[in-house]
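*Asks:* I am sharing entry18.pdb, which consists of PDB, C-alpha atoms:
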ATOM      1  CA  MET A   1      24.789 -12.937 -34.360
ATOM      2  CA  HIS A   2      26.786  -9.785 -33.745
ATOM      3  CA  GLN A   3      25.111  -7.561 -31.122
ATOM      4  CA  THR A   4      25.114  -3.830 -31.887
ATOM      5  CA  ASN A   5      25.815  -1.433 -29.035
ATOM      6  CA  LEU A   6      22.664   0.721 -28.816
ATOM      7  CA  ASN A   7      24.530   3.424 -26.899
ATOM      8  CA  GLY A   8      26.324   4.321 -30.116
ATOM      9  CA  LEU A   9      23.161   4.597 -32.216
ATOM     10  CA  ASP A  10      20.793   7.493 -32.806
ATOM     11  CA  LEU A  11      17.450   5.873 -32.010
ATOM     12  CA  ASN A  12      15.688   8.946 -33.441
ATOM     13  CA  LEU A  13      16.409   7.385 -36.808
ATOM     14  CA  LEU A  14      14.003   4.505 -36.192
ATOM     15  CA  PRO A  15      10.694   6.323 -36.965
ATOM     16  CA  PRO A  16      12.061   7.752 -40.262
ATOM     17  CA  LEU A  17      13.409   4.299 -41.116
ATOM     18  CA  GLU A  18      10.027   2.673 -40.515
ATOM     19  CA  ALA A  19       8.287   5.292 -42.685
ATOM     20  CA  LEU A  20      10.849   4.870 -45.491
ATOM     21  CA  LEU A  21      10.573   1.094 -45.541
ATOM     22  CA  ARG A  22       6.787   1.133 -45.401
ATOM     23  CA  LEU A  23       6.142   3.913 -47.950
ATOM     24  CA  ARG A  24       9.212   3.389 -50.173
ATOM     25  CA  ASN A  25       9.120   7.083 -51.002
ATOM     26  CA  VAL A  26      11.401   9.742 -49.511
ATOM     27  CA  THR A  27       8.927  12.590 -50.023
ATOM     28  CA  LEU A  28       5.963  10.763 -48.476
ATOM     29  CA  ALA A  29       8.069   9.411 -45.631
ATOM     30  CA  ALA A  30       9.376  12.899 -44.855
ATOM     31  CA  ARG A  31       5.833  14.289 -44.793
ATOM     32  CA  GLU A  32       4.609  11.571 -42.424
ATOM     33  CA  ALA A  33       7.605  11.945 -40.117
ATOM     34  CA  GLY A  34       7.284  15.753 -40.017
ATOM     35  CA  MET A  35      10.631  16.288 -41.719
ATOM     36  CA  SER A  36      11.788  18.131 -44.804
ATOM     37  CA  GLN A  37      12.723  16.052 -47.829
ATOM     38  CA  PRO A  38      16.429  17.012 -47.555
ATOM     39  CA  ALA A  39      16.404  16.015 -43.887
ATOM     40  CA  MET A  40      14.859  12.641 -44.763
ATOM     41  CA  SER A  41      17.466  12.140 -47.488
ATOM     42  CA  ARG A  42      20.215  12.820 -44.954
ATOM     43  CA  ALA A  43      18.580  10.375 -42.524
ATOM     44  CA  LEU A  44      18.514   7.726 -45.247
ATOM     45  CA  GLY A  45      22.207   8.301 -45.857
ATOM     46  CA  ARG A  46      22.973   7.815 -42.174
ATOM     47  CA  LEU A  47      20.823   4.687 -42.040
ATOM     48  CA  ARG A  48      22.662   3.202 -45.036
ATOM     49  CA  HIS A  49      25.910   3.808 -43.181
ATOM     50  CA  VAL A  50      24.610   2.177 -39.983
ATOM     51  CA  PHE A  51      23.249  -0.902 -41.765
ATOM     52  CA  LYS A  52      26.050  -1.026 -44.326
ATOM     53  CA  ASP A  53      23.289  -1.615 -46.863
ATOM     54  CA  PRO A  54      21.521   0.671 -49.391
ATOM     55  CA  LEU A  55      18.113  -0.348 -47.961
ATOM     56  CA  LEU A  56      16.215   1.334 -50.837
ATOM     57  CA  VAL A  57      17.271   0.951 -54.468
ATOM     58  CA  ARG A  58      15.817   2.096 -57.786
ATOM     59  CA  GLY A  59      13.438  -0.312 -59.528
ATOM     60  CA  ARG A  60      11.057  -0.221 -62.460
ATOM     61  CA  LYS A  61       8.215   1.199 -60.402
ATOM     62  CA  GLY A  62      10.150   3.327 -57.944
ATOM     63  CA  LEU A  63      12.214   2.427 -54.916
ATOM     64  CA  MET A  64      12.559  -1.208 -53.890
ATOM     65  CA  LEU A  65      13.620  -2.755 -50.598
ATOM     66  CA  THR A  66      16.835  -4.697 -50.438
ATOM     67  CA  PRO A  67      16.717  -8.143 -48.787
ATOM     68  CA  ARG A  68      18.199  -6.573 -45.650
ATOM     69  CA  ALA A  69      15.524  -3.865 -45.666
ATOM     70  CA  ILE A  70      12.754  -6.482 -46.036
ATOM     71  CA  GLU A  71      14.157  -8.265 -42.985
ATOM     72  CA  VAL A  72      14.335  -5.024 -40.977
ATOM     73  CA  ALA A  73      10.819  -3.903 -42.006
ATOM     74  CA  ALA A  74       9.284  -7.155 -40.716
ATOM     75  CA  ILE A  75      10.767  -6.488 -37.276
ATOM     76  CA  LEU A  76      10.720  -2.706 -37.002
ATOM     77  CA  GLY A  77       6.998  -1.932 -37.368
ATOM     78  CA  PRO A  78       5.759  -4.209 -34.564
ATOM     79  CA  THR A  79       8.723  -3.213 -32.386
ATOM     80  CA  LEU A  80       7.941   0.510 -32.628
ATOM     81  CA  GLN A  81       4.280  -0.197 -31.846
ATOM     82  CA  ARG A  82       5.308  -2.006 -28.658
ATOM     83  CA  VAL A  83       7.639   0.850 -27.722
ATOM     84  CA  GLN A  84       4.777   3.325 -28.186
ATOM     85  CA  HIS A  85       2.677   1.253 -25.768
ATOM     86  CA  VAL A  86       5.436   1.644 -23.158
ATOM     87  CA  PHE A  87       5.006   5.431 -23.198
ATOM     88  CA  ALA A  88       1.245   5.525 -23.730
ATOM     89  CA  GLU A  89      -0.971   6.857 -20.944
ATOM     90  CA  PRO A  90      -2.333   3.791 -19.150
ATOM     91  CA  GLN A  91      -6.017   3.152 -19.742
ATOM     92  CA  PHE A  92      -8.060   2.064 -16.751
ATOM     93  CA  ASP A  93     -11.529   0.562 -16.713
ATOM     94  CA  PRO A  94     -12.641  -0.316 -13.156
ATOM     95  CA  ALA A  95     -15.256  -2.720 -14.499
ATOM     96  CA  LYS A  96     -12.448  -4.834 -16.028
ATOM     97  CA  ALA A  97      -9.957  -4.591 -13.154
ATOM     98  CA  GLN A  98      -8.912  -7.921 -11.641
ATOM     99  CA  ARG A  99      -6.777  -7.496  -8.542
ATOM    100  CA  GLN A 100      -6.496  -8.227  -4.841
ATOM    101  CA  ILE A 101      -6.130  -5.120  -2.650
ATOM    102  CA  ARG A 102      -4.680  -5.523   0.842
ATOM    103  CA  ILE A 103      -5.446  -2.889   3.499
ATOM    104  CA  ALA A 104      -4.335  -2.578   7.130
ATOM    105  CA  ALA A 105      -7.479  -1.734   9.079
ATOM    106  CA  SER A 106      -8.973  -1.916  12.559
ATOM    107  CA  ASP A 107     -12.472  -3.161  13.316
ATOM    108  CA  VAL A 108     -13.605   0.487  13.281
ATOM    109  CA  HIS A 109     -12.704   0.789   9.608
ATOM    110  CA  ASN A 110     -14.018  -2.686   8.843
ATOM    111  CA  ALA A 111     -17.370  -1.897  10.433
ATOM    112  CA  LEU A 112     -17.848   1.710   9.291
ATOM    113  CA  ILE A 113     -16.023   2.319   5.996
ATOM    114  CA  LEU A 114     -15.568  -1.055   4.311
ATOM    115  CA  PRO A 115     -19.281  -1.964   3.970
ATOM    116  CA  HIS A 116     -19.869   1.274   2.035
ATOM    117  CA  LEU A 117     -16.752   0.653  -0.070
ATOM    118  CA  ILE A 118     -17.765  -2.905  -0.933
ATOM    119  CA  ALA A 119     -21.246  -1.715  -1.930
ATOM    120  CA  LEU A 120     -19.615   0.732  -4.365
ATOM    121  CA  LEU A 121     -17.170  -1.838  -5.732
ATOM    122  CA  VAL A 122     -19.817  -4.500  -6.319
ATOM    123  CA  GLN A 123     -21.456  -2.086  -8.737
ATOM    124  CA  GLU A 124     -18.387  -0.542 -10.359
ATOM    125  CA  ALA A 125     -15.414  -2.903  -9.939
ATOM    126  CA  PRO A 126     -16.657  -6.421  -9.182
ATOM    127  CA  GLY A 127     -13.273  -7.927 -10.042
ATOM    128  CA  LEU A 128     -11.521  -6.332  -7.059
ATOM    129  CA  ASP A 129     -10.935  -8.489  -3.978
ATOM    130  CA  ILE A 130     -10.461  -6.445  -0.797
ATOM    131  CA  VAL A 131      -8.503  -8.110   2.004
ATOM    132  CA  CYS A 132      -8.185  -6.344   5.367
ATOM    133  CA  GLU A 133      -5.302  -7.216   7.662
ATOM    134  CA  PRO A 134      -4.487  -6.280  11.275
ATOM    135  CA  TYR A 135      -1.830  -3.695  11.985
ATOM    136  CA  GLY A 136       1.605  -5.106  12.645
ATOM    137  CA  PRO A 137       5.124  -3.917  13.459
ATOM    138  CA  ASN A 138       6.289  -4.505   9.858
ATOM    139  CA  LEU A 139       3.486  -2.470   8.264
ATOM    140  CA  VAL A 140       5.830   0.048   6.613
ATOM    141  CA  GLU A 141       8.076  -2.693   5.219
ATOM    142  CA  GLN A 142       5.041  -4.508   3.802
ATOM    143  CA  MET A 143       3.809  -1.353   2.097
ATOM    144  CA  PHE A 144       7.102  -0.615   0.387
ATOM    145  CA  ALA A 145       7.540  -4.282  -0.551
ATOM    146  CA  GLY A 146       4.186  -4.155  -2.329
ATOM    147  CA  THR A 147       2.502  -6.807  -0.176
ATOM    148  CA  LEU A 148       0.275  -4.174   1.459
ATOM    149  CA  ASP A 149      -1.476  -1.532  -0.633
ATOM    150  CA  PHE A 150      -3.016   0.838   1.926
ATOM    151  CA  ALA A 151      -3.349   1.474   5.641
ATOM    152  CA  PHE A 152      -5.845   3.606   7.535
ATOM    153  CA  ALA A 153      -4.180   6.132   9.820
ATOM    154  CA  LEU A 154      -4.699   9.439  11.602
ATOM    155  CA  ASP A 155      -3.825  12.735   9.969
ATOM    156  CA  SER A 156      -1.328  13.377  12.764
ATOM    157  CA  THR A 157       0.581  10.140  12.110
ATOM    158  CA  PRO A 158       4.123  10.904  10.851
ATOM    159  CA  LEU A 159       4.493   9.471   7.358
ATOM    160  CA  PRO A 160       7.672   7.561   6.470
ATOM    161  CA  THR A 161       9.710   8.802   3.534
ATOM    162  CA  GLY A 162       8.156   7.606   0.311
ATOM    163  CA  ALA A 163       4.575   7.482   1.618
ATOM    164  CA  HIS A 164       1.595   9.696   0.844
ATOM    165  CA  SER A 165      -1.846  10.107   2.419
ATOM    166  CA  VAL A 166      -5.372  10.863   1.196
ATOM    167  CA  PRO A 167      -7.806  12.625   3.606
ATOM    168  CA  LEU A 168     -10.992  10.602   4.106
ATOM    169  CA  ALA A 169     -13.151  11.958   6.936
ATOM    170  CA  ARG A 170     -13.195  13.449  10.425
ATOM    171  CA  ASP A 171     -14.215  11.899  13.721
ATOM    172  CA  GLU A 172     -13.828  12.699  17.396
ATOM    173  CA  LEU A 173     -13.012  10.949  20.641
ATOM    174  CA  THR A 174     -15.737   9.982  23.067
ATOM    175  CA  LEU A 175     -15.644   8.607  26.603
ATOM    176  CA  VAL A 176     -17.676   5.395  26.886
ATOM    177  CA  MET A 177     -19.084   3.704  29.999
ATOM    178  CA  ARG A 178     -22.086   1.640  30.989
ATOM    179  CA  HIS A 179     -25.272   3.617  31.605
ATOM    180  CA  ASP A 180     -25.278   2.898  35.382
ATOM    181  CA  HIS A 181     -21.582   3.607  35.913
ATOM    182  CA  PRO A 182     -20.898   5.323  39.286
ATOM    183  CA  LEU A 183     -19.531   8.388  37.447
ATOM    184  CA  ALA A 184     -22.110   8.472  34.662
ATOM    185  CA  GLY A 185     -24.087  11.365  36.118
ATOM    186  CA  HIS A 186     -21.622  14.248  35.879
ATOM    187  CA  ASP A 187     -19.288  15.959  33.419
ATOM    188  CA  TRP A 188     -15.851  14.420  33.646
ATOM    189  CA  THR A 189     -12.668  16.233  34.581
ATOM    190  CA  VAL A 190      -9.113  15.184  33.837
ATOM    191  CA  GLN A 191      -8.797  14.035  37.457
ATOM    192  CA  ASP A 192     -11.663  11.578  36.932
ATOM    193  CA  TYR A 193      -9.460   9.708  34.475
ATOM    194  CA  GLY A 194      -7.260   8.711  37.411
ATOM    195  CA  ARG A 195     -10.179   7.455  39.510
ATOM    196  CA  VAL A 196     -11.398   4.559  37.342
ATOM    197  CA  PRO A 197      -9.871   1.598  35.478
ATOM    198  CA  HIS A 198      -9.497   1.844  31.704
ATOM    199  CA  VAL A 199      -9.703  -0.521  28.762
ATOM    200  CA  LEU A 200      -7.060   0.552  26.237
ATOM    201  CA  ILE A 201      -6.812   0.116  22.481
ATOM    202  CA  GLY A 202      -3.380  -0.967  21.263
ATOM    203  CA  LEU A 203      -3.255  -1.456  17.487
ATOM    204  CA  LEU A 204       0.532  -1.797  17.354
ATOM    205  CA  ASN A 205       1.150  -2.661  21.018
ATOM    206  CA  ASP A 206       4.018  -0.185  21.030
ATOM    207  CA  GLY A 207       3.096   1.396  24.369
ATOM    208  CA  VAL A 208       2.771   4.853  22.798
ATOM    209  CA  SER A 209      -0.244   6.843  23.991
ATOM    210  CA  GLU A 210      -0.802  10.522  23.390
ATOM    211  CA  MET A 211      -3.619  10.510  25.922
ATOM    212  CA  ASP A 212      -1.292   9.364  28.691
ATOM    213  CA  ALA A 213       1.027  12.220  27.754
ATOM    214  CA  TRP A 214      -1.896  14.663  28.058
ATOM    215  CA  LEU A 215      -2.843  13.228  31.446
ATOM    216  CA  ALA A 216       0.746  13.244  32.702
ATOM    217  CA  ALA A 217       0.957  16.958  31.922
ATOM    218  CA  GLU A 218      -1.934  17.392  34.371
ATOM    219  CA  GLY A 219      -0.352  15.143  36.979
ATOM    220  CA  VAL A 220      -2.809  12.298  36.310
ATOM    221  CA  SER A 221      -2.130   8.671  35.399
ATOM    222  CA  ARG A 222      -4.695   6.074  34.434
ATOM    223  CA  THR A 223      -4.840   2.401  35.349
ATOM    224  CA  SER A 224      -5.241  -0.168  32.599
ATOM    225  CA  ILE A 225      -7.048  -3.446  33.310
ATOM    226  CA  TRP A 226      -6.951  -4.718  29.718
ATOM    227  CA  SER A 227      -5.569  -3.740  26.322
ATOM    228  CA  SER A 228      -6.902  -5.016  23.011
ATOM    229  CA  PRO A 229      -6.508  -4.177  19.300
ATOM    230  CA  HIS A 230     -10.286  -4.592  18.929
ATOM    231  CA  PHE A 231     -12.587  -1.640  19.574
ATOM    232  CA  LEU A 232     -15.730  -3.751  19.804
ATOM    233  CA  ALA A 233     -14.096  -5.927  22.468
ATOM    234  CA  ALA A 234     -13.299  -2.768  24.437
ATOM    235  CA  LEU A 235     -16.961  -1.689  24.310
ATOM    236  CA  ALA A 236     -18.138  -5.144  25.378
ATOM    237  CA  THR A 237     -15.740  -5.089  28.324
ATOM    238  CA  VAL A 238     -16.762  -1.706  29.695
ATOM    239  CA  ALA A 239     -20.412  -2.817  29.387
ATOM    240  CA  GLN A 240     -19.632  -5.490  32.017
ATOM    241  CA  THR A 241     -17.325  -3.537  34.364
ATOM    242  CA  ASP A 242     -16.679  -0.182  36.005
ATOM    243  CA  ALA A 243     -13.905   0.395  33.439
ATOM    244  CA  VAL A 244     -14.221   3.073  30.757
ATOM    245  CA  THR A 245     -12.659   3.483  27.342
ATOM    246  CA  THR A 246     -11.999   6.408  24.995
ATOM    247  CA  VAL A 247     -12.649   5.581  21.365
ATOM    248  CA  SER A 248     -14.088   6.822  18.067
ATOM    249  CA  ARG A 249     -17.425   8.555  18.549
ATOM    250  CA  ALA A 250     -18.695   7.344  15.174
ATOM    251  CA  PHE A 251     -17.992   3.740  16.164
ATOM    252  CA  ALA A 252     -19.303   4.039  19.732
ATOM    253  CA  SER A 253     -22.474   5.763  18.504
ATOM    254  CA  ARG A 254     -23.159   2.820  16.203
ATOM    255  CA  PHE A 255     -22.496  -0.038  18.614
ATOM    256  CA  GLY A 256     -22.560   1.405  22.132
ATOM    257  CA  PRO A 257     -26.326   1.809  22.684
ATOM    258  CA  GLY A 258     -26.955  -1.864  21.933
ATOM    259  CA  LEU A 259     -24.550  -2.739  24.757
ATOM    260  CA  GLY A 260     -26.192  -0.363  27.236
ATOM    261  CA  LEU A 261     -23.380   2.189  26.996
ATOM    262  CA  ILE A 262     -23.460   5.973  27.157
ATOM    263  CA  LEU A 263     -21.126   8.457  25.496
ATOM    264  CA  LYS A 264     -19.650  11.484  27.241
ATOM    265  CA  ARG A 265     -17.365  14.256  26.046
ATOM    266  CA  PRO A 266     -13.778  13.671  27.235
ATOM    267  CA  PRO A 267     -12.255  16.435  29.375
ATOM    268  CA  PHE A 268      -9.761  17.543  26.734
ATOM    269  CA  ALA A 269      -9.726  20.733  24.689
ATOM    270  CA  ARG A 270      -9.002  18.945  21.436
ATOM    271  CA  ILE A 271     -10.908  15.769  20.651
ATOM    272  CA  ASP A 272     -11.402  15.990  16.859
ATOM    273  CA  PHE A 273      -9.151  14.095  14.458
ATOM    274  CA  GLY A 274      -8.831  13.265  10.773
ATOM    275  CA  ILE A 275      -8.770   9.840   9.156
ATOM    276  CA  VAL A 276      -6.464   9.312   6.168
ATOM    277  CA  LEU A 277      -5.575   6.521   3.777
ATOM    278  CA  VAL A 278      -1.829   5.936   3.515
ATOM    279  CA  GLY A 279      -0.051   4.343   0.560
ATOM    280  CA  SER A 280       3.400   4.348  -0.985
ATOM    281  CA  GLN A 281       4.517   6.986  -3.485
ATOM    282  CA  ALA A 282       5.398   4.158  -5.868
ATOM    283  CA  GLN A 283       1.695   3.455  -6.485
ATOM    284  CA  ALA A 284       0.502   7.061  -6.125
ATOM    285  CA  ARG A 285       0.031   7.384  -9.903
ATOM    286  CA  ASP A 286      -1.406   3.923 -10.465
ATOM    287  CA  PRO A 287      -4.817   4.600 -12.085
ATOM    288  CA  LEU A 288      -6.416   1.766 -10.122
ATOM    289  CA  MET A 289      -5.060   3.024  -6.807
ATOM    290  CA  LEU A 290      -6.096   6.605  -7.552
ATOM    291  CA  TRP A 291      -9.589   5.453  -8.448
ATOM    292  CA  LEU A 292      -9.813   3.225  -5.371
ATOM    293  CA  ALA A 293      -8.633   5.996  -3.040
ATOM    294  CA  ASN A 294     -11.393   8.219  -4.400
ATOM    295  CA  LYS A 295     -13.944   5.455  -3.781
ATOM    296  CA  MET A 296     -12.563   5.032  -0.275
ATOM    297  CA  ARG A 297     -13.139   8.748   0.320
ATOM    298  CA  GLN A 298     -16.730   8.415  -0.867
ATOM    299  CA  ALA A 299     -17.256   5.429   1.427
ATOM    300  CA  ALA A 300     -15.741   7.260   4.406
ATOM    301  CA  GLN A 301     -17.947  10.298   3.856
ATOM    302  CA  LEU A 302     -20.992   8.038   3.804
ATOM    303  CA  ALA A 303     -19.826   6.343   6.996
ATOM    304  CA  TYR A 304     -18.895   9.446   8.958
ATOM    305  CA  GLY A 305     -21.227  12.093   7.570
ATOM    306  CA  VAL A 306     -23.955  11.913  10.233
ATOM    307  CA  GLU A 307     -21.594  11.357  13.148
ATOM    308  CA  THR A 308     -19.228  14.119  12.004
ATOM    309  CA  GLY A 309     -22.085  16.588  11.789
ATOM    310  CA  ARG A 310     -23.182  15.652  15.284
ATOM    311  CA  SER A 311     -19.648  16.116  16.603
ATOM    312  CA  GLN A 312     -19.316  19.574  15.100
ATOM    313  CA  ASP A 313     -22.682  20.617  16.510
ATOM    314  CA  ALA A 314     -21.364  19.685  19.948
ATOM    315  CA  GLY A 315     -18.643  22.308  19.564
ATOM    316  CA  ALA A 316     -15.704  19.943  19.097
ATOM    317  CA  ARG A 317     -12.366  21.382  18.051
ATOM    318  CA  ALA A 318     -11.132  20.386  14.599
ATOM    319  CA  ASP A 319      -7.406  19.965  15.120
ATOM    320  CA  VAL A 320      -6.660  16.959  17.298
ATOM    321  CA  GLY A 321      -3.639  14.671  17.194
ATOM    322  CA  THR A 322      -3.804  10.880  17.346
ATOM    323  CA  ILE A 323      -6.301   8.522  18.879
ATOM    324  CA  PRO A 324      -4.733   7.520  22.184
ATOM    325  CA  ALA A 325      -4.079   3.839  22.752
TER     326      ALA A 325
END
Spell out the structure here as structure tokens.
*Replies:*
Amino acid sequence: MHQTNLNGLDLNLLPPLEALLRLRNVTLAAREAGMSQPAMSRALGRLRHVFKDPLLVRGRKGLMLTPRAIEVAAILGPTLQRVQHVFAEPQFDPAKAQRQIRIAASDVHNALILPHLIALLVQEAPGLDIVCEPYGPNLVEQMFAGTLDFAFALDSTPLPTGAHSVPLARDELTLVMRHDHPLAGHDWTVQDYGRVPHVLIGLLNDGVSEMDAWLAAEGVSRTSIWSSPHFLAALATVAQTDAVTTVSRAFASRFGPGLGLILKRPPFARIDFGIVLVGSQAQARDPLMLWLANKMRQAAQLAYGVETGRSQDAGARADVGTIPA
């Protein structure tokens, strides 16, 4: 079969053609297509030239379709309907959604935010399967390849080109130590950070720590005895040693007391930070992803509401950078 080059055709002629073949009346077809009758007549003339066929001919009871027109009509109607679906606004029903969602998250997010999210999804989108993964060096590549949908991050984290973020909640840093720690009885200074061992959190193990930069500016360096990507492991370790750690206050408030730990304000002017959900721009207009990001915000507000209020009452600043490793 000879293939016609579509680049040389006026595809605007297809809706008038469909109306003409279905209604077999130039006047009615023009009215339906929003055209004048002369304009529809001209369109029919152009269509006859394109198809090299009269398409509509006079019969006893009005216009009749030629064999070629009958063949075209059988194809054209369903084809235009499918084309309309391409441009239609996507309809989204969370109750019918069936999809696996992959999120890069730490145990802080898994323990605080995800339980609230899952409780919401069980009621509203039971077909969604949430899978949380650890952070890794190829996180950005995974996100743009479509194998990772979201990642939790800090509002100070530089976003790669093509990414977007959704604000979720606010938290603050807290200094954590066992209740009978030798330095538990006084307010800490920056110099105290150089007097004790530390357990560090390294989600990416890239050696980057904003806290160490803050301390270095004051002429202080801290000694690490252990680094882990797991916040709960850090709390368990300081509960057994003279080491301290600096982590999320919301998380430490939830799990620290059960381990015999106390929370103290770190000796820094800015300890407050924002938590965001990061995704790629390619899925920023996906109705499912938009809906899920909104549910994630609701879950985060449930998780951080009480702790955030407590932090603000303590006079914390609201413009911190990243959580130090």
*Asks:* Identify, on the basis of only C-alpha atoms, every residue whose closest approach to Ala30 of chain A does not exceed 9 Å; exclude the query and any residue fewer than 3 positions from it along the same chain; express the result as a list in words.
*Replies:*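 Residues meeting the cut-off are Pro16, Ala19, Leu20, Asn25, Val26, Thr27, Ala33, Gly34, Met35, Ser36, Gln37, Pro38, Ala39, Met40 and Ser41 of chain A.
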*Asks:* Could you turn the residues from that selection into a file that holds C-alpha atoms, as a PDB file, in the coordinates of the input?
*Replies:*
ATOM      1  CA  PRO A  16      12.061   7.752 -40.262  1.00  0.00           C
ATOM      2  CA  ALA A  19       8.287   5.292 -42.685  1.00  0.00           C
ATOM      3  CA  LEU A  20      10.849   4.870 -45.491  1.00  0.00           C
ATOM      4  CA  ASN A  25       9.120   7.083 -51.002  1.00  0.00           C
ATOM      5  CA  VAL A  26      11.401   9.742 -49.511  1.00  0.00           C
ATOM      6  CA  THR A  27       8.927  12.590 -50.023  1.00  0.00           C
ATOM      7  CA  ALA A  33       7.605  11.945 -40.117  1.00  0.00           C
ATOM      8  CA  GLY A  34       7.284  15.753 -40.017  1.00  0.00           C
ATOM      9  CA  MET A  35      10.631  16.288 -41.719  1.00  0.00           C
ATOM     10  CA  SER A  36      11.788  18.131 -44.804  1.00  0.00           C
ATOM     11  CA  GLN A  37      12.723  16.052 -47.829  1.00  0.00           C
ATOM     12  CA  PRO A  38      16.429  17.012 -47.555  1.00  0.00           C
ATOM     13  CA  ALA A  39      16.404  16.015 -43.887  1.00  0.00           C
ATOM     14  CA  MET A  40      14.859  12.641 -44.763  1.00  0.00           C
ATOM     15  CA  SER A  41      17.466  12.140 -47.488  1.00  0.00           C
TER      16      SER A  41
END
*Asks:* Please enumerate the residues selected by the PyMOL selection byres ((chain A and resi 200) around 9) when evaluated against the supplied file, formatted as a PDB file with C-alpha atoms, keeping the file's coordinate frame.
*Replies:*
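Printed below is expr-v8.pdb as written:
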ATOM      1  CA  HIS A 198      -9.497   1.844  31.704  1.00  0.00           C
ATOM      2  CA  VAL A 199      -9.703  -0.521  28.762  1.00  0.00           C
ATOM      3  CA  ILE A 201      -6.812   0.116  22.481  1.00  0.00           C
ATOM      4  CA  GLY A 202      -3.380  -0.967  21.263  1.00  0.00           C
ATOM      5  CA  SER A 224      -5.241  -0.168  32.599  1.00  0.00           C
ATOM      6  CA  ILE A 225      -7.048  -3.446  33.310  1.00  0.00           C
ATOM      7  CA  TRP A 226      -6.951  -4.718  29.718  1.00  0.00           C
ATOM      8  CA  SER A 227      -5.569  -3.740  26.322  1.00  0.00           C
ATOM      9  CA  SER A 228      -6.902  -5.016  23.011  1.00  0.00           C
ATOM     10  CA  PRO A 229      -6.508  -4.177  19.300  1.00  0.00           C
ATOM     11  CA  PHE A 231     -12.587  -1.640  19.574  1.00  0.00           C
ATOM     12  CA  ALA A 234     -13.299  -2.768  24.437  1.00  0.00           C
ATOM     13  CA  VAL A 244     -14.221   3.073  30.757  1.00  0.00           C
ATOM     14  CA  THR A 245     -12.659   3.483  27.342  1.00  0.00           C
ATOM     15  CA  THR A 246     -11.999   6.408  24.995  1.00  0.00           C
ATOM     16  CA  VAL A 247     -12.649   5.581  21.365  1.00  0.00           C
ATOM     17  CA  PRO A 324      -4.733   7.520  22.184  1.00  0.00           C
ATOM     18  CA  ALA A 325      -4.079   3.839  22.752  1.00  0.00           C
TER      19      ALA A 325
END
*Asks:* Taking into account all atoms listed in the file, which residue in the set A:Leu292, A:Val140, A:Leu121, A:Ala43 is nearest to Pro158 of chain A?
*Replies:*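 Once distances to Pro158 of chain A are computed over all atoms listed in the file, the minimum belongs to A:Val140.
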*Asks:* Provide the atom CA of Gly260 of chain A to atom CA of Ala105 of chain A distance in Å, to one decimal place.
*Replies:* 26.1 Å
*Asks:* Using Å and a single decimal, report how far atom CA of Arg170 of chain A sits from atom CA of Asp155 of chain A.
*Replies:*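 Separation of atom CA of Asp155 of chain A and atom CA of Arg170 of chain A: 9.4 Å.
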*Asks:* Between A:Thr66, A:Ser248, A:Thr79, A:Gln301, single out the one closest to Thr174 of chain A, counting all atoms listed in the file.
*Replies:*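 The answer is A:Ser248, which sits nearest to Thr174 of chain A.
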*Asks:* Find the residues around segment 159-169 of chain A up to 8 Å (all atoms listed in the file counted), leave out those fewer than 2 positions away in its own chain, and share them as a list in words.
*Replies:*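 Those residues are Val140, Asp155, Thr157, Asp171, Gly274, Ile275, Val276, Leu277, Val278, Gly279, Ser280, Gln281, Ala282, Ala284, Ala293, Met296, Arg297, Gln298, Ala300, Gln301 and Tyr304 of chain A.
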*Asks:* Suppose a student applies the PyMOL selection byres ((chain A and resi 232) around 9) to this structure; what residues should they get, written as a ChimeraX atom specification?
*Replies:* /A:107-108,230-231,233-237,251-252,255-256
*Asks:* Residues picked by the PyMOL selection byres ((chain A and resi 55) around 10) here, as a list in words?
*Replies:*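 When the PyMOL selection byres ((chain A and resi 55) around 10) is applied to the shown file, the picked residues are Leu17, Leu20, Leu21, Arg24, Leu44, Gly45, Leu47, Arg48, Phe51, Lys52, Asp53, Pro54, Leu56, Val57, Leu63, Met64, Leu65, Thr66, Pro67, Arg68, Ala69, Ile70 and Val72 of chain A.
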*Asks:* Just the number, please: distance in Å from atom CA of Asn138 of chain A to atom CA of Arg99 of chain A, one decimal.
*Replies:*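 It comes out at 22.8 Å.
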*Asks:* Considering all atoms listed in the file, state which residue in the set A:Val176, A:Ile130, A:Met211, A:Leu290 is at the smallest distance from Pro257 of chain A.
*Replies:*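 Going through A:Val176, A:Ile130, A:Met211, A:Leu290 one by one, the smallest distance to Pro257 of chain A is for A:Val176.
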*Asks:* So which residues fall inside 12 Å of (-13.4, -1.4, -10.4) if we count all atoms listed in the file? Mind giving them as a PyMOL selection string?
*Replies:* chain A and resi 92-101+117-130+287-295
*Asks:* Nearest to Ala111 of chain A: which of A:Gln283, A:Pro267, A:His186, A:Arg254 is it, counting all atoms listed in the file?
*Replies:*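 Among the listed residues, the smallest separation from Ala111 of chain A belongs to A:Arg254.
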*Asks:* Using all atoms listed in the file, which residue out of A:Phe87, A:Tyr135, A:Phe144, A:Phe268 lies closest to Glu210 of chain A?
*Replies:*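 Checking each candidate against Glu210 of chain A, we get A:Phe268 as the closest.
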